[in-house]
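As provided, protein.pdb (PDB, C-alpha atoms) reads as follows.
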```
ATOM      1  CA  MET A   1       0.000   0.000   0.000
ATOM      2  CA  GLY A   2       3.032   2.238  -0.368
ATOM      3  CA  GLY A   3       3.074   2.986   3.358
ATOM      4  CA  PHE A   4      -0.199   4.940   3.161
ATOM      5  CA  GLN A   5      -1.383   4.311   6.707
ATOM      6  CA  HIS A   6      -3.652   7.081   8.005
ATOM      7  CA  ARG A   7      -5.496   7.237  11.324
ATOM      8  CA  PRO A   8      -9.024   8.514  10.641
ATOM      9  CA  VAL A   9      -9.871  11.638  12.647
ATOM     10  CA  MET A  10     -13.022  11.725  14.826
ATOM     11  CA  SER A  11     -14.025   8.312  13.508
ATOM     12  CA  ARG A  12     -16.399   7.633  16.418
ATOM     13  CA  GLU A  13     -18.332  10.855  15.791
ATOM     14  CA  VAL A  14     -18.416  10.326  12.014
ATOM     15  CA  ILE A  15     -19.733   6.766  12.302
ATOM     16  CA  GLU A  16     -22.339   7.813  14.883
ATOM     17  CA  LEU A  17     -23.669  10.514  12.548
ATOM     18  CA  LEU A  18     -23.900   8.077   9.628
ATOM     19  CA  ALA A  19     -25.103   5.061  11.605
ATOM     20  CA  SER A  20     -28.799   5.893  11.228
ATOM     21  CA  VAL A  21     -28.986   6.848   7.525
ATOM     22  CA  PRO A  22     -31.310   4.722   5.379
ATOM     23  CA  GLN A  23     -29.949   1.876   3.278
ATOM     24  CA  GLY A  24     -28.113   3.033   0.175
ATOM     25  CA  THR A  25     -24.721   4.349  -0.895
ATOM     26  CA  VAL A  26     -22.280   6.545   1.017
ATOM     27  CA  VAL A  27     -19.656   8.593  -0.813
ATOM     28  CA  ASP A  28     -16.318   9.067   0.927
ATOM     29  CA  ALA A  29     -15.165  12.024  -1.134
ATOM     30  CA  THR A  30     -11.654  11.963   0.388
ATOM     31  CA  VAL A  31     -11.181   8.264   1.013
ATOM     32  CA  GLY A  32      -7.462   8.436   1.831
ATOM     33  CA  GLY A  33      -6.272   5.070   3.120
ATOM     34  CA  GLY A  34      -9.862   3.935   3.670
ATOM     35  CA  GLY A  35     -10.006   4.365   7.454
ATOM     36  CA  HIS A  36     -13.431   5.992   7.795
ATOM     37  CA  ALA A  37     -14.769   3.847   4.932
ATOM     38  CA  ARG A  38     -13.712   0.571   6.551
ATOM     39  CA  LEU A  39     -15.308   1.456   9.871
ATOM     40  CA  LEU A  40     -18.537   2.501   8.190
ATOM     41  CA  LEU A  41     -18.802  -0.644   6.046
ATOM     42  CA  GLU A  42     -18.195  -2.764   9.145
ATOM     43  CA  ALA A  43     -20.860  -0.894  11.116
ATOM     44  CA  ARG A  44     -23.443  -0.937   8.294
ATOM     45  CA  PRO A  45     -23.435  -4.182   6.229
ATOM     46  CA  ASP A  46     -26.370  -2.813   4.207
ATOM     47  CA  LEU A  47     -24.420   0.136   2.784
ATOM     48  CA  GLN A  48     -22.492   0.469  -0.469
ATOM     49  CA  LEU A  49     -19.557   2.882  -0.701
ATOM     50  CA  ILE A  50     -17.955   4.970  -3.408
ATOM     51  CA  GLY A  51     -14.524   6.256  -2.394
ATOM     52  CA  ILE A  52     -12.876   9.166  -4.210
ATOM     53  CA  ASP A  53      -9.358  10.548  -3.894
ATOM     54  CA  ARG A  54      -7.127  12.698  -6.101
ATOM     55  CA  ASP A  55      -3.993  11.053  -4.666
ATOM     56  CA  ALA A  56      -3.089   7.914  -6.634
ATOM     57  CA  ASP A  57      -1.225   6.468  -3.618
ATOM     58  CA  ALA A  58      -4.368   6.862  -1.518
ATOM     59  CA  VAL A  59      -6.475   5.143  -4.189
ATOM     60  CA  THR A  60      -4.104   2.159  -4.187
ATOM     61  CA  ALA A  61      -4.126   2.012  -0.392
ATOM     62  CA  ALA A  62      -7.921   2.305  -0.116
ATOM     63  CA  ARG A  63      -8.475  -0.471  -2.655
ATOM     64  CA  ALA A  64      -6.254  -2.769  -0.587
ATOM     65  CA  THR A  65      -7.858  -1.780   2.722
ATOM     66  CA  LEU A  66     -11.401  -2.220   1.410
ATOM     67  CA  ALA A  67     -10.794  -5.336  -0.711
ATOM     68  CA  PRO A  68     -12.430  -7.594   1.924
ATOM     69  CA  PHE A  69     -15.749  -5.816   1.285
ATOM     70  CA  GLY A  70     -15.793  -6.889  -2.365
ATOM     71  CA  ASP A  71     -18.115  -4.973  -4.669
ATOM     72  CA  ARG A  72     -19.642  -3.063  -1.760
ATOM     73  CA  ALA A  73     -16.727  -0.624  -2.112
ATOM     74  CA  ARG A  74     -15.628   1.037  -5.351
ATOM     75  CA  ILE A  75     -12.654   3.406  -5.363
ATOM     76  CA  VAL A  76     -12.221   6.116  -8.001
ATOM     77  CA  HIS A  77      -9.226   8.340  -8.773
ATOM     78  CA  GLY A  78     -10.627  11.862  -8.999
ATOM     79  CA  GLY A  79     -11.372  15.108  -7.211
ATOM     80  CA  PHE A  80     -14.421  15.784  -5.048
ATOM     81  CA  GLU A  81     -15.205  18.895  -7.089
ATOM     82  CA  ASP A  82     -16.407  16.336  -9.684
ATOM     83  CA  VAL A  83     -18.422  14.308  -7.172
ATOM     84  CA  ALA A  84     -21.674  14.511  -9.153
ATOM     85  CA  ALA A  85     -20.127  13.219 -12.392
ATOM     86  CA  ILE A  86     -18.283  10.445 -10.522
ATOM     87  CA  VAL A  87     -21.388   9.330  -8.643
ATOM     88  CA  HIS A  88     -23.535   9.325 -11.767
ATOM     89  CA  SER A  89     -20.897   7.276 -13.591
ATOM     90  CA  GLU A  90     -20.559   4.753 -10.762
ATOM     91  CA  THR A  91     -24.303   4.362 -10.204
ATOM     92  CA  GLY A  92     -25.296   4.298 -13.859
ATOM     93  CA  GLY A  93     -27.007   7.662 -13.497
ATOM     94  CA  HIS A  94     -29.425   6.364 -10.827
ATOM     95  CA  SER A  95     -28.423   8.638  -7.946
ATOM     96  CA  SER A  96     -31.566  10.758  -7.992
ATOM     97  CA  THR A  97     -33.830  10.947  -4.988
ATOM     98  CA  SER A  98     -36.560   9.106  -6.852
ATOM     99  CA  GLY A  99     -34.497   5.979  -7.546
ATOM    100  CA  ASN A 100     -35.586   2.713  -5.948
ATOM    101  CA  SER A 101     -32.198   0.991  -6.116
ATOM    102  CA  SER A 102     -30.316   1.147  -2.820
ATOM    103  CA  GLU A 103     -27.141   1.579  -4.867
ATOM    104  CA  GLY A 104     -28.583   4.700  -6.461
ATOM    105  CA  ASN A 105     -29.752   6.294  -3.214
ATOM    106  CA  ILE A 106     -26.939   8.514  -1.949
ATOM    107  CA  MET A 107     -27.435   8.505   1.804
ATOM    108  CA  GLY A 108     -24.176  10.039   2.948
ATOM    109  CA  ILE A 109     -21.258  12.123   1.669
ATOM    110  CA  LEU A 110     -18.128  12.611   3.792
ATOM    111  CA  PHE A 111     -15.445  15.238   3.149
ATOM    112  CA  ASP A 112     -12.272  14.877   5.250
ATOM    113  CA  LEU A 113     -10.261  17.911   4.161
ATOM    114  CA  GLY A 114      -6.605  18.883   4.233
ATOM    115  CA  THR A 115      -3.522  16.700   3.979
ATOM    116  CA  SER A 116      -3.158  13.226   5.448
ATOM    117  CA  SER A 117      -0.350  11.916   7.611
ATOM    118  CA  PRO A 118       1.172   9.810   4.788
ATOM    119  CA  GLN A 119       1.347  12.869   2.553
ATOM    120  CA  LEU A 120       3.028  14.937   5.267
ATOM    121  CA  ASP A 121       5.366  12.131   6.301
ATOM    122  CA  ARG A 122       6.727  11.424   2.805
ATOM    123  CA  PRO A 123       9.302  14.189   2.198
ATOM    124  CA  GLU A 124       9.385  13.720  -1.563
ATOM    125  CA  ARG A 125       5.802  15.002  -1.799
ATOM    126  CA  GLY A 126       6.979  18.454  -0.670
ATOM    127  CA  PHE A 127       4.120  19.087   1.787
ATOM    128  CA  SER A 128       6.273  19.304   4.903
ATOM    129  CA  TYR A 129       8.426  22.171   6.135
ATOM    130  CA  TRP A 130      10.592  19.663   8.014
ATOM    131  CA  GLY A 131      13.535  18.333   6.021
ATOM    132  CA  ASP A 132      14.361  19.065   2.386
ATOM    133  CA  ALA A 133      12.499  17.964  -0.728
ATOM    134  CA  PRO A 134      11.396  19.217  -4.147
ATOM    135  CA  LEU A 135       8.774  21.965  -4.053
ATOM    136  CA  ASP A 136       5.848  19.887  -5.300
ATOM    137  CA  MET A 137       2.767  19.827  -2.981
ATOM    138  CA  ARG A 138       0.490  18.265  -5.603
ATOM    139  CA  MET A 139      -2.148  15.900  -4.248
ATOM    140  CA  ASP A 140      -2.606  14.625  -7.802
ATOM    141  CA  ALA A 141       0.807  14.111  -9.390
ATOM    142  CA  ALA A 142      -0.790  14.288 -12.845
ATOM    143  CA  GLN A 143      -1.823  17.922 -12.486
ATOM    144  CA  GLY A 144       0.314  20.680 -13.964
ATOM    145  CA  LEU A 145       0.820  23.359 -11.304
ATOM    146  CA  THR A 146       3.479  22.749  -8.624
ATOM    147  CA  ALA A 147       4.638  24.731  -5.610
ATOM    148  CA  GLU A 148       7.904  25.437  -7.418
ATOM    149  CA  GLN A 149       6.002  27.196 -10.180
ATOM    150  CA  VAL A 150       3.985  29.222  -7.672
ATOM    151  CA  VAL A 151       6.989  30.532  -5.747
ATOM    152  CA  ASN A 152       9.087  31.222  -8.846
ATOM    153  CA  GLU A 153       6.521  32.499 -11.346
ATOM    154  CA  TYR A 154       3.864  34.391  -9.368
ATOM    155  CA  SER A 155       4.333  38.131  -8.980
ATOM    156  CA  GLU A 156       5.322  39.479  -5.587
ATOM    157  CA  ARG A 157       1.857  41.002  -5.161
ATOM    158  CA  ASP A 158       0.084  37.733  -6.056
ATOM    159  CA  LEU A 159       2.322  35.780  -3.682
ATOM    160  CA  ALA A 160       1.617  38.215  -0.856
ATOM    161  CA  ASP A 161      -2.126  38.068  -1.539
ATOM    162  CA  LEU A 162      -2.330  34.262  -1.512
ATOM    163  CA  ILE A 163      -0.102  33.900   1.582
ATOM    164  CA  ARG A 164      -2.250  36.449   3.414
ATOM    165  CA  ARG A 165      -5.552  35.008   2.160
ATOM    166  CA  ASN A 166      -4.892  31.252   2.356
ATOM    167  CA  GLY A 167      -2.398  31.273   5.211
ATOM    168  CA  GLU A 168      -3.769  34.180   7.254
ATOM    169  CA  GLU A 169      -0.114  35.144   7.645
ATOM    170  CA  HIS A 170       0.665  38.541   9.221
ATOM    171  CA  PHE A 171       4.048  38.791   7.486
ATOM    172  CA  ALA A 172       2.778  37.870   4.011
ATOM    173  CA  ARG A 173       4.184  40.959   2.318
ATOM    174  CA  GLN A 174       7.645  40.490   3.811
ATOM    175  CA  ILE A 175       7.681  36.765   3.007
ATOM    176  CA  ALA A 176       6.649  37.368  -0.607
ATOM    177  CA  ALA A 177       9.393  39.973  -1.015
ATOM    178  CA  ARG A 178      12.029  37.608   0.373
ATOM    179  CA  ILE A 179      10.854  34.741  -1.851
ATOM    180  CA  VAL A 180      11.171  36.960  -4.921
ATOM    181  CA  ALA A 181      14.626  38.182  -3.796
ATOM    182  CA  ASN A 182      15.839  34.594  -3.326
ATOM    183  CA  ARG A 183      14.554  33.185  -6.620
ATOM    184  CA  PRO A 184      14.904  30.610  -7.982
ATOM    185  CA  LEU A 185      13.694  28.363  -5.138
ATOM    186  CA  HIS A 186      13.786  24.616  -5.814
ATOM    187  CA  THR A 187      13.335  22.843  -2.478
ATOM    188  CA  THR A 188      11.224  23.020   0.659
ATOM    189  CA  ALA A 189      14.359  24.087   2.566
ATOM    190  CA  ASP A 190      14.772  27.037   0.184
ATOM    191  CA  LEU A 191      11.218  28.129   0.999
ATOM    192  CA  VAL A 192      11.658  27.623   4.752
ATOM    193  CA  ASP A 193      14.860  29.686   4.689
ATOM    194  CA  SER A 194      13.099  32.510   2.834
ATOM    195  CA  VAL A 195      10.278  32.565   5.391
ATOM    196  CA  LYS A 196      12.696  32.558   8.325
ATOM    197  CA  GLU A 197      14.632  35.453   6.781
ATOM    198  CA  ALA A 198      11.398  37.450   6.443
ATOM    199  CA  VAL A 199       9.748  36.774   9.812
ATOM    200  CA  PRO A 200      11.112  38.764  12.794
ATOM    201  CA  ALA A 201      13.050  36.683  15.320
ATOM    202  CA  ARG A 202      10.571  37.405  18.140
ATOM    203  CA  SER A 203       7.712  35.977  16.059
ATOM    204  CA  ARG A 204       9.704  32.915  14.996
ATOM    205  CA  ARG A 205       9.994  31.887  18.633
ATOM    206  CA  ARG A 206       6.258  31.470  19.191
ATOM    207  CA  GLY A 207       3.197  29.998  17.481
ATOM    208  CA  GLY A 208       4.732  26.871  15.963
ATOM    209  CA  HIS A 209       6.919  26.585  12.883
ATOM    210  CA  PRO A 210       7.249  29.966  11.150
ATOM    211  CA  ALA A 211       6.704  28.462   7.685
ATOM    212  CA  ARG A 212       3.503  26.588   8.580
ATOM    213  CA  ARG A 213       1.084  29.208   7.281
ATOM    214  CA  THR A 214       3.069  29.871   4.106
ATOM    215  CA  PHE A 215       3.231  26.160   3.251
ATOM    216  CA  GLN A 216      -0.512  25.883   3.899
ATOM    217  CA  ALA A 217      -1.216  28.842   1.640
ATOM    218  CA  ILE A 218       0.877  27.545  -1.256
ATOM    219  CA  ARG A 219      -0.457  23.990  -0.915
ATOM    220  CA  MET A 220      -4.022  25.305  -1.043
ATOM    221  CA  GLU A 221      -3.192  27.327  -4.163
ATOM    222  CA  VAL A 222      -1.527  24.400  -5.924
ATOM    223  CA  ASN A 223      -4.504  22.113  -5.284
ATOM    224  CA  ARG A 224      -7.291  24.734  -5.597
ATOM    225  CA  GLU A 225      -8.556  23.515  -2.239
ATOM    226  CA  LEU A 226     -11.049  26.266  -1.406
ATOM    227  CA  PRO A 227     -12.656  26.565  -4.883
ATOM    228  CA  ASN A 228     -12.837  22.771  -5.116
ATOM    229  CA  LEU A 229     -14.458  22.551  -1.683
ATOM    230  CA  ALA A 230     -17.111  25.086  -2.647
ATOM    231  CA  ASP A 231     -17.823  23.213  -5.897
ATOM    232  CA  GLY A 232     -17.944  19.821  -4.193
ATOM    233  CA  LEU A 233     -20.292  21.014  -1.467
ATOM    234  CA  ASP A 234     -22.626  22.654  -3.971
ATOM    235  CA  GLU A 235     -22.893  19.372  -5.881
ATOM    236  CA  SER A 236     -23.183  17.158  -2.815
ATOM    237  CA  VAL A 237     -26.450  18.470  -1.394
ATOM    238  CA  HIS A 238     -28.272  17.810  -4.662
ATOM    239  CA  LEU A 239     -26.974  14.223  -4.848
ATOM    240  CA  LEU A 240     -28.484  13.247  -1.496
ATOM    241  CA  ALA A 241     -31.707  11.334  -1.136
ATOM    242  CA  PRO A 242     -34.073  12.467   1.651
ATOM    243  CA  GLY A 243     -32.629  11.456   5.002
ATOM    244  CA  GLY A 244     -29.096  11.458   3.593
ATOM    245  CA  ARG A 245     -26.348  13.376   5.340
ATOM    246  CA  VAL A 246     -23.329  15.504   4.386
ATOM    247  CA  LEU A 247     -20.485  15.540   6.907
ATOM    248  CA  VAL A 248     -17.357  17.693   6.668
ATOM    249  CA  LEU A 249     -14.160  17.507   8.680
ATOM    250  CA  ALA A 250     -12.308  20.817   8.289
ATOM    251  CA  TYR A 251      -8.932  21.670   9.747
ATOM    252  CA  HIS A 252      -8.646  25.440   9.515
ATOM    253  CA  SER A 253     -10.883  28.455   9.643
ATOM    254  CA  LEU A 254     -11.065  29.142   5.893
ATOM    255  CA  GLU A 255     -12.420  25.673   5.132
ATOM    256  CA  ASP A 256     -14.746  25.731   8.116
ATOM    257  CA  ARG A 257     -16.105  29.142   7.128
ATOM    258  CA  ILE A 258     -17.075  27.869   3.660
ATOM    259  CA  VAL A 259     -18.761  24.822   5.201
ATOM    260  CA  LYS A 260     -20.628  26.876   7.804
ATOM    261  CA  GLU A 261     -21.852  29.364   5.183
ATOM    262  CA  ARG A 262     -22.976  26.635   2.775
ATOM    263  CA  PHE A 263     -24.830  24.772   5.513
ATOM    264  CA  ALA A 264     -26.557  27.958   6.657
ATOM    265  CA  LYS A 265     -27.603  28.705   3.088
ATOM    266  CA  TRP A 266     -29.006  25.207   2.644
ATOM    267  CA  THR A 267     -31.123  25.510   5.787
ATOM    268  CA  GLY A 268     -32.808  28.553   4.259
ATOM    269  CA  ALA A 269     -31.139  31.028   6.608
ATOM    270  CA  ARG A 270     -30.471  34.464   5.155
ATOM    271  CA  GLU A 271     -28.882  37.653   6.342
ATOM    272  CA  GLN A 272     -31.075  40.077   8.285
ATOM    273  CA  GLN A 273     -32.417  42.852   6.045
ATOM    274  CA  PRO A 274     -32.027  46.460   7.180
ATOM    275  CA  PRO A 275     -35.188  48.118   8.576
ATOM    276  CA  GLY A 276     -37.549  49.345   5.886
ATOM    277  CA  PHE A 277     -36.660  46.701   3.301
ATOM    278  CA  PRO A 278     -39.548  44.601   1.990
ATOM    279  CA  VAL A 279     -39.861  41.272   3.769
ATOM    280  CA  GLU A 280     -39.469  38.331   1.403
ATOM    281  CA  PRO A 281     -40.812  34.852   2.132
ATOM    282  CA  GLU A 282     -38.297  32.618   3.874
ATOM    283  CA  PRO A 283     -36.754  30.207   1.337
ATOM    284  CA  ARG A 284     -37.596  26.558   1.835
ATOM    285  CA  GLY A 285     -34.690  24.738   3.459
ATOM    286  CA  LEU A 286     -32.927  21.829   1.794
ATOM    287  CA  VAL A 287     -31.460  20.460   5.028
ATOM    288  CA  ARG A 288     -31.523  20.550   8.798
ATOM    289  CA  LEU A 289     -28.382  21.035  10.856
ATOM    290  CA  LEU A 290     -27.089  18.013  12.739
ATOM    291  CA  THR A 291     -24.446  20.123  14.487
ATOM    292  CA  ARG A 292     -25.452  23.561  15.776
ATOM    293  CA  LYS A 293     -21.768  24.364  16.140
ATOM    294  CA  ALA A 294     -18.652  22.520  15.068
ATOM    295  CA  VAL A 295     -17.907  19.321  17.004
ATOM    296  CA  ARG A 296     -14.303  19.148  18.212
ATOM    297  CA  PRO A 297     -12.207  16.023  18.876
ATOM    298  CA  ARG A 298     -12.171  14.493  22.332
ATOM    299  CA  ALA A 299      -9.173  15.114  24.579
ATOM    300  CA  ASP A 300      -8.150  11.447  24.535
ATOM    301  CA  GLU A 301      -8.067  11.431  20.729
ATOM    302  CA  VAL A 302      -5.912  14.570  20.601
ATOM    303  CA  ALA A 303      -3.544  12.985  23.124
ATOM    304  CA  GLU A 304      -3.151   9.937  20.872
ATOM    305  CA  ASN A 305      -3.170  11.835  17.571
ATOM    306  CA  PRO A 306      -2.048  15.496  17.913
ATOM    307  CA  ARG A 307      -2.878  16.148  14.235
ATOM    308  CA  ALA A 308      -6.559  15.824  15.160
ATOM    309  CA  ARG A 309      -6.382  18.931  17.377
ATOM    310  CA  SER A 310      -7.577  21.419  14.753
ATOM    311  CA  ALA A 311     -10.426  19.257  13.387
ATOM    312  CA  ARG A 312     -13.969  20.640  13.222
ATOM    313  CA  LEU A 313     -16.880  18.369  12.276
ATOM    314  CA  ARG A 314     -20.167  19.697  10.886
ATOM    315  CA  GLY A 315     -23.133  17.839   9.420
ATOM    316  CA  VAL A 316     -26.539  18.319   7.816
ATOM    317  CA  GLU A 317     -29.417  16.016   6.845
ATOM    318  CA  LYS A 318     -31.462  16.344   3.642
ATOM    319  CA  LEU A 319     -35.110  17.104   4.355
ATOM    320  CA  PRO A 320     -37.918  15.020   2.841
ATOM    321  CA  THR A 321     -39.658  18.186   1.629
ATOM    322  CA  SER A 322     -36.745  18.846  -0.737
ATOM    323  CA  ALA A 323     -37.195  15.597  -2.668
ATOM    324  CA  GLY A 324     -36.826  16.200  -6.366
ATOM    325  CA  SER A 325     -35.227  19.613  -5.853
TER
END
```

Reformat the file's structure so that it appears as structure tokens.
Amino acid sequence: MGGFQHRPVMSREVIELLASVPQGTVVDATVGGGGHARLLLEARPDLQLIGIDRDADAVTAARATLAPFGDRARIVHGGFEDVAAIVHSETGGHSSTSGNSSEGNIMGILFDLGTSSPQLDRPERGFSYWGDAPLDMRMDAAQGLTAEQVVNEYSERDLADLIRRNGEEHFARQIAARIVANRPLHTTADLVDSVKEAVPARSRRRGGHPARRTFQAIRMEVNRELPNLADGLDESVHLLAPGGRVLVLAYHSLEDRIVKERFAKWTGAREQQPPGFPVEPEPRGLVRLLTRKAVRPRADEVAENPRARSARLRGVEKLPTSAGS
């Protein structure tokens, strides 16, 4: 399996939220090594599963992990921004809410965002700011854009904007200027050195590794993580049959904000109009919230798996009144 061993985050909470969905198919839109998928298929022998991942190593690992479940589990190499096309292909176009086949009834969609431990722990992938490796950061090695292209070809202004926006980095302007001054950069160590040169010494001594936010920002740019999340979420709610659920595990505030806003929109919530504006009828909701606020990992899980610390779990359930919408 190429060493792709990944401990699923908040697996107890995820399985509990999916344990009561009607019989049908669950889509693990970020199947990784198959950890969540295996637990779900064990807990619910009546469910089918479609697993999707853009990382070819993860696809290989998931197929091996889920092989004991036979044709109950199908694994596809692809991105979750294309979840609707993938599901329609795998179900023969029978994923609508009116279908009678359990295989065509999509009763759950799980998004587990961010990078996995195997990706971070393999230096040659270029995701980690520890050690030295090529500046890659691609989750799908077949895609064109790499981190090396971003740091060497983007303008100083564009670099500063994406580091500030995606990384929420206070020293984005200084880091972008130092990157441009040090070009060409070829390795993760080159990028780390540029960040350290730009960040004041007093700030480098607190708040974790000084390059963490910059690496996050560039990785998200390379893999179009926020636009793809928005696209995948928008498709997911319309794939669900009534009673089906969408769950999202997010690991930083930008992802979680998109999820929270999409879920609020689907419930029919809207911003308060200023006084004097005409009152419009409340839109009919597509879903109900399963989590009023984000669920955080238990203390014992964080103690065993520190990478779970930043996880936030949110979920919604498709309402029967939205059937056919």

Please enumerate the residues selected by the PyMOL selection byres ((chain A and resi 36) around 12) when evaluated against the supplied file, formatted as an mmCIF file with C-alpha atoms, keeping the file's coordinate frame.
```cif
data_model
loop_
_atom_site.group_PDB
_atom_site.id
_atom_site.type_symbol
_atom_site.label_atom_id
_atom_site.label_comp_id
_atom_site.auth_asym_id
_atom_site.auth_seq_id
_atom_site.Cartn_x
_atom_site.Cartn_y
_atom_site.Cartn_z
ATOM 1 C CA HIS A 6 -3.652 7.081 8.005
ATOM 2 C CA ARG A 7 -5.496 7.237 11.324
ATOM 3 C CA PRO A 8 -9.024 8.514 10.641
ATOM 4 C CA VAL A 9 -9.871 11.638 12.647
ATOM 5 C CA MET A 10 -13.022 11.725 14.826
ATOM 6 C CA SER A 11 -14.025 8.312 13.508
ATOM 7 C CA ARG A 12 -16.399 7.633 16.418
ATOM 8 C CA GLU A 13 -18.332 10.855 15.791
ATOM 9 C CA VAL A 14 -18.416 10.326 12.014
ATOM 10 C CA ILE A 15 -19.733 6.766 12.302
ATOM 11 C CA GLU A 16 -22.339 7.813 14.883
ATOM 12 C CA LEU A 18 -23.900 8.077 9.628
ATOM 13 C CA VAL A 26 -22.280 6.545 1.017
ATOM 14 C CA VAL A 27 -19.656 8.593 -0.813
ATOM 15 C CA ASP A 28 -16.318 9.067 0.927
ATOM 16 C CA ALA A 29 -15.165 12.024 -1.134
ATOM 17 C CA THR A 30 -11.654 11.963 0.388
ATOM 18 C CA VAL A 31 -11.181 8.264 1.013
ATOM 19 C CA GLY A 32 -7.462 8.436 1.831
ATOM 20 C CA GLY A 33 -6.272 5.070 3.120
ATOM 21 C CA GLY A 34 -9.862 3.935 3.670
ATOM 22 C CA GLY A 35 -10.006 4.365 7.454
ATOM 23 C CA ALA A 37 -14.769 3.847 4.932
ATOM 24 C CA ARG A 38 -13.712 0.571 6.551
ATOM 25 C CA LEU A 39 -15.308 1.456 9.871
ATOM 26 C CA LEU A 40 -18.537 2.501 8.190
ATOM 27 C CA LEU A 41 -18.802 -0.644 6.046
ATOM 28 C CA GLU A 42 -18.195 -2.764 9.145
ATOM 29 C CA ALA A 43 -20.860 -0.894 11.116
ATOM 30 C CA LEU A 49 -19.557 2.882 -0.701
ATOM 31 C CA GLY A 51 -14.524 6.256 -2.394
ATOM 32 C CA ALA A 62 -7.921 2.305 -0.116
ATOM 33 C CA THR A 65 -7.858 -1.780 2.722
ATOM 34 C CA LEU A 66 -11.401 -2.220 1.410
ATOM 35 C CA ILE A 109 -21.258 12.123 1.669
ATOM 36 C CA LEU A 110 -18.128 12.611 3.792
ATOM 37 C CA PHE A 111 -15.445 15.238 3.149
ATOM 38 C CA ASP A 112 -12.272 14.877 5.250
ATOM 39 C CA LEU A 247 -20.485 15.540 6.907
ATOM 40 C CA LEU A 249 -14.160 17.507 8.680
#
```

Carefully work through the PyMOL selection byres ((chain A and resi 137) around 8) for this structure and note down the residues it includes, as a PDB file with C-alpha atoms, keeping the file's coordinate frame.
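Output (selection-v1.pdb):
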```pdb
ATOM      1  CA  ARG A 125       5.802  15.002  -1.799  1.00  0.00           C
ATOM      2  CA  GLY A 126       6.979  18.454  -0.670  1.00  0.00           C
ATOM      3  CA  PHE A 127       4.120  19.087   1.787  1.00  0.00           C
ATOM      4  CA  LEU A 135       8.774  21.965  -4.053  1.00  0.00           C
ATOM      5  CA  ASP A 136       5.848  19.887  -5.300  1.00  0.00           C
ATOM      6  CA  ARG A 138       0.490  18.265  -5.603  1.00  0.00           C
ATOM      7  CA  MET A 139      -2.148  15.900  -4.248  1.00  0.00           C
ATOM      8  CA  THR A 146       3.479  22.749  -8.624  1.00  0.00           C
ATOM      9  CA  ALA A 147       4.638  24.731  -5.610  1.00  0.00           C
ATOM     10  CA  ARG A 219      -0.457  23.990  -0.915  1.00  0.00           C
ATOM     11  CA  VAL A 222      -1.527  24.400  -5.924  1.00  0.00           C
ATOM     12  CA  ASN A 223      -4.504  22.113  -5.284  1.00  0.00           C
TER      13      ASN A 223
END
```

Original post:
Could you name the residues that touch region 159-176 of chain A at 7 Å or less, counting only C-alpha atoms, but leaving out those on the same chain fewer than 6 positions away, as a list in words?
Top reply: Ser194, Val195, Ala198, Val199, Arg213, Thr214, Gln216, Ala217 and Met220 of chain A

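CA of Asn228 (chain A) to CA of Gly108 (chain A) spans 18.9 Å [interatomic distance, one decimal].
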
**OP:** Have a look at CA of Ser128 (chain A) and CA of Ile52 (chain A) and let me know their distance in Å, one decimal.
**Re:** 23.5 Å

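With only C-alpha atoms as the atoms that count, the minimum distance from Gly244 (chain A) to the choices A:Arg54, A:Arg262, A:Arg44, A:Arg288 is reached by A:Arg288.
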
Original post:
Any idea what the distance is between CA of Glu255 (chain A) and CA of Val76 (chain A)?
Top reply: 23.6 Å

Original post:
Using all atoms listed in the file, which of the listed residues (A:Ala133, A:Val21, A:Leu240, A:Leu145) sits closest to Ile106 (chain A)?
Top reply: A:Leu240

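If you apply the PyMOL selection byres ((chain A and resi 132) around 6) to this structure, you end up with Gly131, Ala133, Thr188 and Ala189 of chain A.
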
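Among A:Pro242, A:Ala264, A:Ala269, A:Glu235, the residue with the shortest atom-to-atom distance to Gly315 (chain A), counting all atoms listed in the file, is A:Ala264.
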
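Within 7 Å of the point (-4.6, 13.4, -6.3), counting all atoms listed in the file, the protein and nucleic acid residues come to Asp53, Arg54, Asp55, Ala56, Gly78, Met139, Asp140 and Ala141 of chain A.
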
For Ser310 (chain A), please output as a short mmCIF file (atom, residue, chain, number, x, y, z; two decimals) with C-alpha atoms, in the frame of the given file all residues within 10 Å (counting all atoms listed in the file; exclusion window: fewer than 2 positions along the same chain).
```
data_model
loop_
_atom_site.label_atom_id
_atom_site.label_comp_id
_atom_site.auth_asym_id
_atom_site.auth_seq_id
_atom_site.Cartn_x
_atom_site.Cartn_y
_atom_site.Cartn_z
CA LEU A 249 -14.16 17.51 8.68
CA ALA A 250 -12.31 20.82 8.29
CA TYR A 251 -8.93 21.67 9.75
CA HIS A 252 -8.65 25.44 9.52
CA SER A 253 -10.88 28.46 9.64
CA ARG A 296 -14.30 19.15 18.21
CA PRO A 297 -12.21 16.02 18.88
CA VAL A 302 -5.91 14.57 20.60
CA PRO A 306 -2.05 15.50 17.91
CA ARG A 307 -2.88 16.15 14.24
CA ALA A 308 -6.56 15.82 15.16
CA ARG A 312 -13.97 20.64 13.22
#
```

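Closest to Asp158 (chain A) among A:Val180, A:Thr291, A:Gln48, A:Trp130 is A:Val180, based on only C-alpha atoms.
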
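The shortest atom-to-atom distance to Thr267 (chain A), with only C-alpha atoms taken into account, belongs to A:Val316 out of A:Ala241, A:Leu191, A:Val246, A:Val316.
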
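Minimum atom-to-atom distance to Arg212 (chain A), evaluated using only C-alpha atoms, belongs to A:Tyr129 out of A:Ala303, A:Tyr129, A:Gln149, A:Leu313.
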